[in-house]
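Asks: Quick one: this structure, given as structure tokens, is what I'll be asking you about.
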Protein chains: 2
Amino acid sequence: MTTPWLTEREQQVWLGLLRATATLDNALDEQLRRDAGITHATYGILAALSMTEGRSLHMQHLAFQTRSSQSRLSHAVAKLEGQGYVTRSPCPDNRRAVHATLTDEGMRVVLLAAPGHVSLVRELVFDPLSAAQVRQLGDITSTLSAAMAAAGYAAPDFARTD
Amino acid sequence: MTTPWLTEREQQVWLGLLRATATLDNALDEQLRRDAGITHATYGILAALSMTEGRSLHMQHLAFQTRSSQSRLSHAVAKLEGQGYVTRSPCPDNRRAVHATLTDEGMRVVLLAAPGHVSLVRELVFDPLSAAQVRQLGDITSTLSAAMAAAGYAAPDFARTD
DNA sequence: GCTTGTTACATGAAGTTTCAACCAAACTGT
DNA sequence: ACAGTTTGGTTGAAACTTCATGTAACAAGC
């Protein structure tokens, strides 16, 4: 009532953005849980590993790619290790670094989840949008990321761009 | 490596979107925590209440407006009640409904947090974008929301649009 | 007046994320 | 060689969310 706020139009766009992103995230979580029993965050970790040479990454690198804090990743990988989807091994080059490596079992889960995930992203995002809109969305997210970086904000835990 | 995936360009847009929204959410959380000791989700609850006649809403309605599940809202409001920011009272018209009402103390917190929040949204979202891009973003989120609704996905917990 | 079903909300337990240390390896300058 | 700092990662506790379930109010049908 007495809260200062955006213009009518801006508020509409803003709340629309919050709603759309929340709903999208929810939809993806739901599909992944149904198909493979994992969350979107977990899928991100497994997918990132699956796409590398040797299905293996340093924790650090993996944290950056998945926009995860070190702590979160450490807990998450510990769980995945317990489930047999990932193994951890000390890196020979740098003894404080740790490799997380996707197991065959973990790869199986990714392959199980990926097709449904990708097709849902397509169905909910790329198919509904025109080619022009996809281009616009790319430009907009780039602009926003640049603005946030300029303002000193970065993905959780990271100041450096690696 | 063997994961089916999007085209190069699509993947770039998709990961960019995920990164931008995650970073944005993080930035807003950080500012709200600094300024008022609350999370973005909590701010949403308090702000929604602050903007109604009587600073009061049915839990149901509040859950919808804040894209929250009933359970989450129930826990969150319980905590806010403990902090003295909100009171709960049975609705006289419908004895299973509950009113959540913002206290003066709660209002004080909203007023403390709002200016910084709004100006950060402006700084990170509306200022960097051109008027055309704001329009585009509005159209894009509307399209996505419509597509998700058509595919049977809605904000957490809700099938009905109220 | 009794089932049976649905709506509104609460709650305890389990899972996840963040927070605040912590440890050990690797640099840094002396 | 050696204090001090930075880097890479872990860990337990606290905070938050979700999940499954419970209770009470209302609604409908018999």
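The way I read the labels, and the way they are meant: chains A, B, ... in the order of the structure tokens, residue 1 as the first residue of every chain, and ligand 1 as the first ligand shown, with later ones counted on from there.
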Could you fit chain A onto chain B by least squares over every C-alpha atom, paired in order, and give me the moved chain as a compact mmCIF listing (two decimals) with C-alpha atoms, in the first residue's frame?
Replies:
```
# COMPACT_ATOMS: atom_id res chain seq x y z
CA MET A 1 29.78 -36.50 -24.65
CA THR A 2 27.16 -38.93 -25.76
CA THR A 3 24.33 -36.89 -24.24
CA PRO A 4 21.73 -35.73 -26.72
CA TRP A 5 21.44 -31.98 -26.51
CA LEU A 6 20.27 -28.71 -27.98
CA THR A 7 21.88 -26.90 -30.85
CA GLU A 8 24.95 -24.88 -29.98
CA ARG A 9 23.00 -21.65 -30.07
CA GLU A 10 20.08 -23.00 -28.07
CA GLN A 11 22.34 -24.41 -25.44
CA GLN A 12 24.06 -21.06 -25.16
CA VAL A 13 20.74 -19.28 -24.65
CA TRP A 14 19.52 -21.94 -22.25
CA LEU A 15 22.58 -21.98 -20.03
CA GLY A 16 22.66 -18.19 -20.19
CA LEU A 17 19.10 -18.05 -18.94
CA LEU A 18 19.82 -20.47 -16.10
CA ARG A 19 22.89 -18.54 -15.11
CA ALA A 20 21.23 -15.14 -15.27
CA THR A 21 18.22 -16.13 -13.23
CA ALA A 22 20.31 -17.92 -10.62
CA THR A 23 22.62 -14.95 -10.29
CA LEU A 24 19.76 -12.49 -10.10
CA ASP A 25 18.04 -14.46 -7.39
CA ASN A 26 21.26 -14.63 -5.50
CA ALA A 27 21.83 -10.90 -5.76
CA LEU A 28 18.36 -10.13 -4.48
CA ASP A 29 18.74 -12.55 -1.60
CA GLU A 30 22.01 -10.99 -0.65
CA GLN A 31 20.65 -7.44 -0.62
CA LEU A 32 17.59 -8.39 1.39
CA ARG A 33 19.60 -10.31 3.91
CA ARG A 34 21.98 -7.40 4.32
CA ASP A 35 19.31 -4.73 4.57
CA ALA A 36 16.60 -6.52 6.51
CA GLY A 37 17.78 -9.99 7.49
CA ILE A 38 15.21 -11.79 5.35
CA THR A 39 15.27 -13.92 2.22
CA HIS A 40 13.69 -13.12 -1.12
CA ALA A 41 10.93 -15.63 -0.41
CA THR A 42 10.17 -14.05 2.95
CA TYR A 43 10.19 -10.60 1.41
CA GLY A 44 7.63 -11.81 -1.09
CA ILE A 45 5.30 -12.82 1.71
CA LEU A 46 5.68 -9.60 3.66
CA ALA A 47 5.43 -7.45 0.54
CA ALA A 48 2.28 -9.21 -0.63
CA LEU A 49 0.67 -8.59 2.75
CA SER A 50 1.83 -4.98 2.85
CA MET A 51 0.09 -4.22 -0.41
CA THR A 52 -3.36 -5.36 0.56
CA GLU A 53 -6.22 -3.58 2.22
CA GLY A 54 -5.86 -4.29 5.91
CA ARG A 55 -2.40 -5.85 5.41
CA SER A 56 -4.06 -9.22 5.61
CA LEU A 57 -4.65 -12.22 3.36
CA HIS A 58 -5.98 -15.75 3.49
CA MET A 59 -3.17 -18.27 3.57
CA GLN A 60 -4.42 -19.78 0.34
CA HIS A 61 -4.31 -16.50 -1.51
CA LEU A 62 -0.95 -15.64 -0.06
CA ALA A 63 0.46 -18.99 -1.14
CA PHE A 64 -0.67 -18.36 -4.69
CA GLN A 65 0.71 -14.83 -4.83
CA THR A 66 4.08 -15.94 -3.53
CA ARG A 67 4.25 -19.09 -5.65
CA SER A 68 4.66 -21.07 -2.47
CA SER A 69 3.31 -24.44 -1.48
CA GLN A 70 0.84 -24.48 1.39
CA SER A 71 3.28 -26.33 3.54
CA ARG A 72 6.11 -23.96 2.88
CA LEU A 73 3.92 -20.98 3.56
CA SER A 74 2.63 -22.52 6.75
CA HIS A 75 6.16 -23.05 8.05
CA ALA A 76 7.29 -19.64 6.87
CA VAL A 77 4.35 -17.83 8.45
CA ALA A 78 4.84 -19.79 11.67
CA LYS A 79 8.36 -18.47 11.76
CA LEU A 80 7.29 -14.93 10.92
CA GLU A 81 4.70 -15.16 13.66
CA GLY A 82 7.42 -16.16 16.09
CA GLN A 83 9.41 -13.14 15.00
CA GLY A 84 6.44 -10.89 15.55
CA TYR A 85 6.13 -9.84 11.91
CA VAL A 86 2.81 -11.53 11.25
CA THR A 87 -0.18 -12.71 13.25
CA ARG A 88 -2.57 -15.51 12.37
CA SER A 89 -6.27 -15.41 13.10
CA PRO A 90 -9.17 -17.62 12.09
CA CYS A 91 -11.44 -16.12 9.48
CA PRO A 92 -14.94 -15.51 10.82
CA ASP A 93 -16.61 -16.19 7.44
CA ASN A 94 -14.98 -19.52 6.89
CA ARG A 95 -13.75 -21.34 9.91
CA ARG A 96 -11.15 -23.42 8.14
CA ALA A 97 -9.53 -20.40 6.57
CA VAL A 98 -6.83 -18.39 8.31
CA HIS A 99 -5.90 -14.76 7.92
CA ALA A 100 -2.26 -13.83 8.01
CA THR A 101 -1.88 -10.21 9.01
CA LEU A 102 1.20 -8.04 8.90
CA THR A 103 2.05 -6.40 12.20
CA ASP A 104 3.46 -2.89 12.54
CA GLU A 105 6.80 -4.49 13.24
CA GLY A 106 6.49 -6.52 10.04
CA MET A 107 5.53 -3.41 8.11
CA ARG A 108 8.62 -1.72 9.46
CA VAL A 109 10.75 -4.52 8.01
CA VAL A 110 9.11 -4.23 4.60
CA LEU A 111 9.62 -0.50 4.54
CA LEU A 112 13.20 -1.02 5.53
CA ALA A 113 13.86 -3.56 2.79
CA ALA A 114 11.72 -2.30 -0.06
CA PRO A 115 13.62 0.75 -1.29
CA GLY A 116 16.88 -1.14 -1.63
CA HIS A 117 15.11 -4.08 -3.19
CA VAL A 118 13.29 -2.02 -5.76
CA SER A 119 16.34 -0.02 -6.64
CA LEU A 120 18.35 -3.21 -7.10
CA VAL A 121 15.71 -4.66 -9.40
CA ARG A 122 15.89 -1.43 -11.32
CA GLU A 123 19.66 -1.42 -11.43
CA LEU A 124 20.02 -5.04 -12.47
CA VAL A 125 17.01 -5.47 -14.71
CA PHE A 126 15.16 -2.41 -15.97
CA ASP A 127 17.97 0.07 -16.35
CA PRO A 128 20.24 -2.20 -18.40
CA LEU A 129 17.43 -3.17 -20.78
CA SER A 130 16.02 -0.92 -23.48
CA ALA A 131 12.31 -0.19 -23.50
CA ALA A 132 12.00 -2.56 -26.44
CA GLN A 133 13.76 -5.31 -24.53
CA VAL A 134 11.49 -4.86 -21.53
CA ARG A 135 8.55 -5.27 -23.87
CA GLN A 136 10.15 -8.34 -25.43
CA LEU A 137 10.87 -9.84 -22.04
CA GLY A 138 7.25 -9.34 -21.04
CA ASP A 139 6.08 -11.05 -24.20
CA ILE A 140 8.53 -13.90 -23.78
CA THR A 141 7.60 -14.63 -20.18
CA SER A 142 3.92 -14.49 -21.09
CA THR A 143 4.50 -16.94 -23.91
CA LEU A 144 6.46 -19.27 -21.66
CA SER A 145 3.88 -19.14 -18.91
CA ALA A 146 1.15 -19.90 -21.41
CA ALA A 147 3.13 -22.81 -22.83
CA MET A 148 3.74 -24.23 -19.38
CA ALA A 149 0.11 -23.85 -18.44
CA ALA A 150 -0.89 -25.57 -21.65
CA ALA A 151 1.48 -28.41 -20.86
CA GLY A 152 -0.15 -28.79 -17.48
CA TYR A 153 2.59 -27.19 -15.44
CA ALA A 154 1.82 -24.46 -12.98
CA ALA A 155 3.49 -22.74 -10.11
CA PRO A 156 4.23 -25.09 -7.18
CA ASP A 157 1.04 -26.71 -5.88
CA PHE A 158 -1.48 -24.94 -8.04
CA ALA A 159 -3.55 -26.26 -10.87
CA ARG A 160 -6.21 -23.60 -10.64
CA THR A 161 -5.50 -20.02 -11.65
CA ASP A 162 -7.62 -18.69 -8.80
```
Asks: Once DSSP has gone over the backbone, tell me which residues of range 97-159 of chain B are in helix (DSSP H, G or I), as a PDB file with N, CA and C atoms, in the first residue's frame.
Replies:
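So states02.pdb came out as:
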```
ATOM      1  N   ASP B 104       2.685  -4.108  12.736  1.00  0.00           N
ATOM      2  CA  ASP B 104       3.410  -2.857  12.509  1.00  0.00           C
ATOM      3  C   ASP B 104       4.901  -3.133  12.387  1.00  0.00           C
ATOM      4  N   GLU B 105       5.358  -4.036  13.238  1.00  0.00           N
ATOM      5  CA  GLU B 105       6.753  -4.436  13.204  1.00  0.00           C
ATOM      6  C   GLU B 105       7.109  -5.048  11.839  1.00  0.00           C
ATOM      7  N   GLY B 106       6.226  -5.881  11.326  1.00  0.00           N
ATOM      8  CA  GLY B 106       6.442  -6.481  10.013  1.00  0.00           C
ATOM      9  C   GLY B 106       6.466  -5.431   8.921  1.00  0.00           C
ATOM     10  N   MET B 107       5.557  -4.479   9.054  1.00  0.00           N
ATOM     11  CA  MET B 107       5.484  -3.392   8.083  1.00  0.00           C
ATOM     12  C   MET B 107       6.778  -2.590   8.088  1.00  0.00           C
ATOM     13  N   ARG B 108       7.306  -2.420   9.264  1.00  0.00           N
ATOM     14  CA  ARG B 108       8.568  -1.694   9.408  1.00  0.00           C
ATOM     15  C   ARG B 108       9.677  -2.399   8.618  1.00  0.00           C
ATOM     16  N   VAL B 109       9.687  -3.730   8.691  1.00  0.00           N
ATOM     17  CA  VAL B 109      10.703  -4.498   7.975  1.00  0.00           C
ATOM     18  C   VAL B 109      10.539  -4.343   6.469  1.00  0.00           C
ATOM     19  N   VAL B 110       9.304  -4.402   5.993  1.00  0.00           N
ATOM     20  CA  VAL B 110       9.062  -4.225   4.559  1.00  0.00           C
ATOM     21  C   VAL B 110       9.549  -2.850   4.117  1.00  0.00           C
ATOM     22  N   LEU B 111       9.195  -1.850   4.885  1.00  0.00           N
ATOM     23  CA  LEU B 111       9.577  -0.490   4.508  1.00  0.00           C
ATOM     24  C   LEU B 111      11.086  -0.296   4.551  1.00  0.00           C
ATOM     25  N   LEU B 112      11.714  -1.074   5.413  1.00  0.00           N
ATOM     26  CA  LEU B 112      13.164  -1.023   5.495  1.00  0.00           C
ATOM     27  C   LEU B 112      13.804  -1.665   4.268  1.00  0.00           C
ATOM     28  N   ALA B 113      13.218  -2.781   3.836  1.00  0.00           N
ATOM     29  CA  ALA B 113      13.822  -3.576   2.765  1.00  0.00           C
ATOM     30  C   ALA B 113      13.452  -3.077   1.378  1.00  0.00           C
ATOM     31  N   ALA B 114      12.249  -2.551   1.239  1.00  0.00           N
ATOM     32  CA  ALA B 114      11.697  -2.279  -0.087  1.00  0.00           C
ATOM     33  C   ALA B 114      12.519  -1.312  -0.944  1.00  0.00           C
ATOM     34  N   PRO B 115      12.933  -0.185  -0.410  1.00  0.00           N
ATOM     35  CA  PRO B 115      13.632   0.756  -1.290  1.00  0.00           C
ATOM     36  C   PRO B 115      14.880   0.143  -1.909  1.00  0.00           C
ATOM     37  N   GLY B 116      15.676  -0.518  -1.106  1.00  0.00           N
ATOM     38  CA  GLY B 116      16.874  -1.147  -1.620  1.00  0.00           C
ATOM     39  C   GLY B 116      16.554  -2.259  -2.612  1.00  0.00           C
ATOM     40  N   HIS B 117      15.515  -3.002  -2.311  1.00  0.00           N
ATOM     41  CA  HIS B 117      15.114  -4.087  -3.192  1.00  0.00           C
ATOM     42  C   HIS B 117      14.695  -3.551  -4.560  1.00  0.00           C
ATOM     43  N   VAL B 118      13.800  -2.578  -4.520  1.00  0.00           N
ATOM     44  CA  VAL B 118      13.314  -2.007  -5.767  1.00  0.00           C
ATOM     45  C   VAL B 118      14.442  -1.384  -6.570  1.00  0.00           C
ATOM     46  N   SER B 119      15.321  -0.701  -5.870  1.00  0.00           N
ATOM     47  CA  SER B 119      16.372  -0.031  -6.636  1.00  0.00           C
ATOM     48  C   SER B 119      17.357  -1.045  -7.206  1.00  0.00           C
ATOM     49  N   LEU B 120      17.514  -2.176  -6.529  1.00  0.00           N
ATOM     50  CA  LEU B 120      18.381  -3.214  -7.089  1.00  0.00           C
ATOM     51  C   LEU B 120      17.739  -3.873  -8.311  1.00  0.00           C
ATOM     52  N   VAL B 121      16.446  -4.112  -8.229  1.00  0.00           N
ATOM     53  CA  VAL B 121      15.732  -4.662  -9.397  1.00  0.00           C
ATOM     54  C   VAL B 121      15.893  -3.705 -10.566  1.00  0.00           C
ATOM     55  N   ARG B 122      15.762  -2.443 -10.293  1.00  0.00           N
ATOM     56  CA  ARG B 122      15.928  -1.435 -11.326  1.00  0.00           C
ATOM     57  C   ARG B 122      17.348  -1.459 -11.890  1.00  0.00           C
ATOM     58  N   GLU B 123      18.301  -1.486 -10.990  1.00  0.00           N
ATOM     59  CA  GLU B 123      19.705  -1.434 -11.404  1.00  0.00           C
ATOM     60  C   GLU B 123      20.102  -2.658 -12.223  1.00  0.00           C
ATOM     61  N   LEU B 124      19.607  -3.822 -11.792  1.00  0.00           N
ATOM     62  CA  LEU B 124      20.061  -5.055 -12.439  1.00  0.00           C
ATOM     63  C   LEU B 124      19.187  -5.486 -13.606  1.00  0.00           C
ATOM     64  N   VAL B 125      17.961  -4.998 -13.657  1.00  0.00           N
ATOM     65  CA  VAL B 125      17.050  -5.475 -14.696  1.00  0.00           C
ATOM     66  C   VAL B 125      16.561  -4.362 -15.617  1.00  0.00           C
ATOM     67  N   PHE B 126      15.898  -3.363 -15.079  1.00  0.00           N
ATOM     68  CA  PHE B 126      15.220  -2.419 -15.954  1.00  0.00           C
ATOM     69  C   PHE B 126      16.144  -1.358 -16.538  1.00  0.00           C
ATOM     70  N   ALA B 131      13.890  -0.081 -23.603  1.00  0.00           N
ATOM     71  CA  ALA B 131      12.429  -0.180 -23.501  1.00  0.00           C
ATOM     72  C   ALA B 131      11.926  -1.326 -24.370  1.00  0.00           C
ATOM     73  N   ALA B 132      12.534  -1.468 -25.535  1.00  0.00           N
ATOM     74  CA  ALA B 132      12.120  -2.551 -26.435  1.00  0.00           C
ATOM     75  C   ALA B 132      12.386  -3.907 -25.797  1.00  0.00           C
ATOM     76  N   GLN B 133      13.533  -4.016 -25.148  1.00  0.00           N
ATOM     77  CA  GLN B 133      13.867  -5.305 -24.526  1.00  0.00           C
ATOM     78  C   GLN B 133      12.932  -5.639 -23.370  1.00  0.00           C
ATOM     79  N   VAL B 134      12.529  -4.607 -22.624  1.00  0.00           N
ATOM     80  CA  VAL B 134      11.584  -4.847 -21.542  1.00  0.00           C
ATOM     81  C   VAL B 134      10.273  -5.389 -22.122  1.00  0.00           C
ATOM     82  N   ARG B 135       9.874  -4.791 -23.234  1.00  0.00           N
ATOM     83  CA  ARG B 135       8.667  -5.250 -23.911  1.00  0.00           C
ATOM     84  C   ARG B 135       8.845  -6.699 -24.365  1.00  0.00           C
ATOM     85  N   GLN B 136       9.978  -6.962 -24.973  1.00  0.00           N
ATOM     86  CA  GLN B 136      10.264  -8.322 -25.447  1.00  0.00           C
ATOM     87  C   GLN B 136      10.256  -9.326 -24.298  1.00  0.00           C
ATOM     88  N   LEU B 137      10.877  -8.918 -23.215  1.00  0.00           N
ATOM     89  CA  LEU B 137      10.954  -9.820 -22.062  1.00  0.00           C
ATOM     90  C   LEU B 137       9.561 -10.136 -21.532  1.00  0.00           C
ATOM     91  N   GLY B 138       8.727  -9.106 -21.499  1.00  0.00           N
ATOM     92  CA  GLY B 138       7.344  -9.305 -21.074  1.00  0.00           C
ATOM     93  C   GLY B 138       6.620 -10.290 -21.986  1.00  0.00           C
ATOM     94  N   ASP B 139       6.809 -10.120 -23.275  1.00  0.00           N
ATOM     95  CA  ASP B 139       6.162 -11.016 -24.232  1.00  0.00           C
ATOM     96  C   ASP B 139       6.681 -12.444 -24.080  1.00  0.00           C
ATOM     97  N   ILE B 140       7.982 -12.554 -23.919  1.00  0.00           N
ATOM     98  CA  ILE B 140       8.606 -13.876 -23.809  1.00  0.00           C
ATOM     99  C   ILE B 140       8.116 -14.618 -22.569  1.00  0.00           C
ATOM    100  N   THR B 141       8.100 -13.916 -21.431  1.00  0.00           N
ATOM    101  CA  THR B 141       7.652 -14.602 -20.215  1.00  0.00           C
ATOM    102  C   THR B 141       6.169 -14.968 -20.309  1.00  0.00           C
ATOM    103  N   SER B 142       5.383 -14.100 -20.949  1.00  0.00           N
ATOM    104  CA  SER B 142       3.969 -14.445 -21.132  1.00  0.00           C
ATOM    105  C   SER B 142       3.829 -15.699 -21.972  1.00  0.00           C
ATOM    106  N   THR B 143       4.601 -15.742 -23.049  1.00  0.00           N
ATOM    107  CA  THR B 143       4.551 -16.898 -23.941  1.00  0.00           C
ATOM    108  C   THR B 143       4.954 -18.168 -23.205  1.00  0.00           C
ATOM    109  N   LEU B 144       6.023 -18.057 -22.438  1.00  0.00           N
ATOM    110  CA  LEU B 144       6.497 -19.235 -21.707  1.00  0.00           C
ATOM    111  C   LEU B 144       5.466 -19.687 -20.670  1.00  0.00           C
ATOM    112  N   SER B 145       4.913 -18.733 -19.956  1.00  0.00           N
ATOM    113  CA  SER B 145       3.909 -19.100 -18.957  1.00  0.00           C
ATOM    114  C   SER B 145       2.715 -19.783 -19.606  1.00  0.00           C
ATOM    115  N   ALA B 146       2.324 -19.246 -20.759  1.00  0.00           N
ATOM    116  CA  ALA B 146       1.196 -19.842 -21.470  1.00  0.00           C
ATOM    117  C   ALA B 146       1.529 -21.264 -21.914  1.00  0.00           C
ATOM    118  N   ALA B 147       2.741 -21.436 -22.422  1.00  0.00           N
ATOM    119  CA  ALA B 147       3.160 -22.761 -22.892  1.00  0.00           C
ATOM    120  C   ALA B 147       3.186 -23.756 -21.737  1.00  0.00           C
ATOM    121  N   MET B 148       3.682 -23.297 -20.593  1.00  0.00           N
ATOM    122  CA  MET B 148       3.752 -24.193 -19.438  1.00  0.00           C
ATOM    123  C   MET B 148       2.357 -24.532 -18.930  1.00  0.00           C
ATOM    124  N   ALA B 149       1.487 -23.530 -18.930  1.00  0.00           N
ATOM    125  CA  ALA B 149       0.117 -23.782 -18.497  1.00  0.00           C
ATOM    126  C   ALA B 149      -0.544 -24.784 -19.427  1.00  0.00           C
ATOM    127  N   ALA B 150      -0.306 -24.604 -20.731  1.00  0.00           N
ATOM    128  CA  ALA B 150      -0.894 -25.503 -21.721  1.00  0.00           C
ATOM    129  C   ALA B 150      -0.376 -26.927 -21.531  1.00  0.00           C
TER     130      ALA B 150
END
```
Asks: Return the neighbours of chain A among the residues of chain D, cut-off 9 Å, counting only C-alpha atoms (C1' of nucleotides), as a ChimeraX atom specification.
Replies: /D:7-10
Asks: Based on only C-alpha atoms (C1' of nucleotides), which of the residues in chain C come within 10 Å of chain A? I want them as an NGL selection string.
Replies: :C and (16-19 or 24-26)
Asks: Kindly export the residues of the current selection with N, CA and C atoms (P, O5', C5', C4', C3', O3' and C1' of nucleotides), as an mmCIF file, in the first residue's frame.
Replies:
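The new file selection_8.cif reads:
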```cif
data_model
loop_
_atom_site.group_PDB
_atom_site.id
_atom_site.type_symbol
_atom_site.label_atom_id
_atom_site.label_comp_id
_atom_site.auth_asym_id
_atom_site.auth_seq_id
_atom_site.Cartn_x
_atom_site.Cartn_y
_atom_site.Cartn_z
ATOM 1 P P DT C 16 18.269 -34.892 -1.108
ATOM 2 O "O5'" DT C 16 18.418 -33.324 -0.873
ATOM 3 C "C5'" DT C 16 17.362 -32.452 -1.298
ATOM 4 C "C4'" DT C 16 17.746 -31.023 -1.010
ATOM 5 C "C3'" DT C 16 19.147 -30.625 -1.463
ATOM 6 O "O3'" DT C 16 18.996 -29.476 -2.269
ATOM 7 C "C1'" DT C 16 18.783 -29.994 0.793
ATOM 8 P P DT C 17 20.211 -28.767 -2.957
ATOM 9 O "O5'" DT C 17 20.519 -27.565 -1.956
ATOM 10 C "C5'" DT C 17 19.481 -26.605 -1.689
ATOM 11 C "C4'" DT C 17 20.006 -25.546 -0.750
ATOM 12 C "C3'" DT C 17 21.384 -24.986 -1.100
ATOM 13 O "O3'" DT C 17 21.244 -23.587 -1.267
ATOM 14 C "C1'" DT C 17 21.287 -25.635 1.195
ATOM 15 P P DT C 18 22.509 -22.626 -1.368
ATOM 16 O "O5'" DT C 18 22.774 -22.235 0.155
ATOM 17 C "C5'" DT C 18 21.800 -21.471 0.839
ATOM 18 C "C4'" DT C 18 22.269 -21.214 2.255
ATOM 19 C "C3'" DT C 18 23.546 -20.360 2.352
ATOM 20 O "O3'" DT C 18 23.257 -19.330 3.299
ATOM 21 C "C1'" DT C 18 23.750 -22.322 3.651
ATOM 22 P P DC C 19 24.298 -18.120 3.483
ATOM 23 O "O5'" DC C 19 25.012 -18.483 4.862
ATOM 24 C "C5'" DC C 19 24.203 -18.902 5.955
ATOM 25 C "C4'" DC C 19 25.080 -19.288 7.127
ATOM 26 C "C3'" DC C 19 26.403 -18.521 7.218
ATOM 27 O "O3'" DC C 19 26.516 -18.030 8.540
ATOM 28 C "C1'" DC C 19 26.793 -20.862 7.293
ATOM 29 P P DA C 24 45.394 -31.524 9.257
ATOM 30 O "O5'" DA C 24 45.922 -31.682 7.765
ATOM 31 C "C5'" DA C 24 45.071 -32.211 6.758
ATOM 32 C "C4'" DA C 24 45.477 -31.644 5.424
ATOM 33 C "C3'" DA C 24 46.989 -31.448 5.277
ATOM 34 O "O3'" DA C 24 47.353 -31.951 4.014
ATOM 35 C "C1'" DA C 24 45.855 -29.462 4.722
ATOM 36 P P DA C 25 48.876 -32.190 3.627
ATOM 37 O "O5'" DA C 25 48.994 -31.433 2.235
ATOM 38 C "C5'" DA C 25 48.057 -31.758 1.210
ATOM 39 C "C4'" DA C 25 48.036 -30.637 0.213
ATOM 40 C "C3'" DA C 25 49.423 -30.284 -0.350
ATOM 41 O "O3'" DA C 25 49.287 -30.105 -1.739
ATOM 42 C "C1'" DA C 25 48.421 -28.361 0.564
ATOM 43 P P DA C 26 50.594 -29.860 -2.620
ATOM 44 O "O5'" DA C 26 50.601 -28.281 -2.808
ATOM 45 C "C5'" DA C 26 49.662 -27.693 -3.709
ATOM 46 C "C4'" DA C 26 49.795 -26.196 -3.644
ATOM 47 C "C3'" DA C 26 51.163 -25.655 -4.095
ATOM 48 O "O3'" DA C 26 50.923 -24.583 -4.980
ATOM 49 C "C1'" DA C 26 50.574 -24.760 -2.018
#
```
Asks: Would you mind writing down, as number ranges by chain, each residue of range 20-149 of chain A that DSSP on the backbone assigns to strand (DSSP E)?
Replies: A: 56-58, 86-90, 98-102
Asks: Separation of C1' of DA10 in chain C and C1' of DA25 in chain D, in Å?
Replies: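 For C1' of DA10 in chain C relative to C1' of DA25 in chain D, the distance reads 14.0 Å.
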Asks: Which value, in Å to one decimal, gives the distance between C1' of DC2 in chain D and C1' of DC23 in chain C?
Replies: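 Straight-line distance from C1' of DC2 in chain D to C1' of DC23 in chain C works out to 19.1 Å.
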Asks: Please compute the C1' of DC2 in chain C-C1' of DA20 in chain D distance, one decimal, in Å.
Replies: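 Value for the C1' of DC2 in chain C-C1' of DA20 in chain D distance: 28.7 Å.
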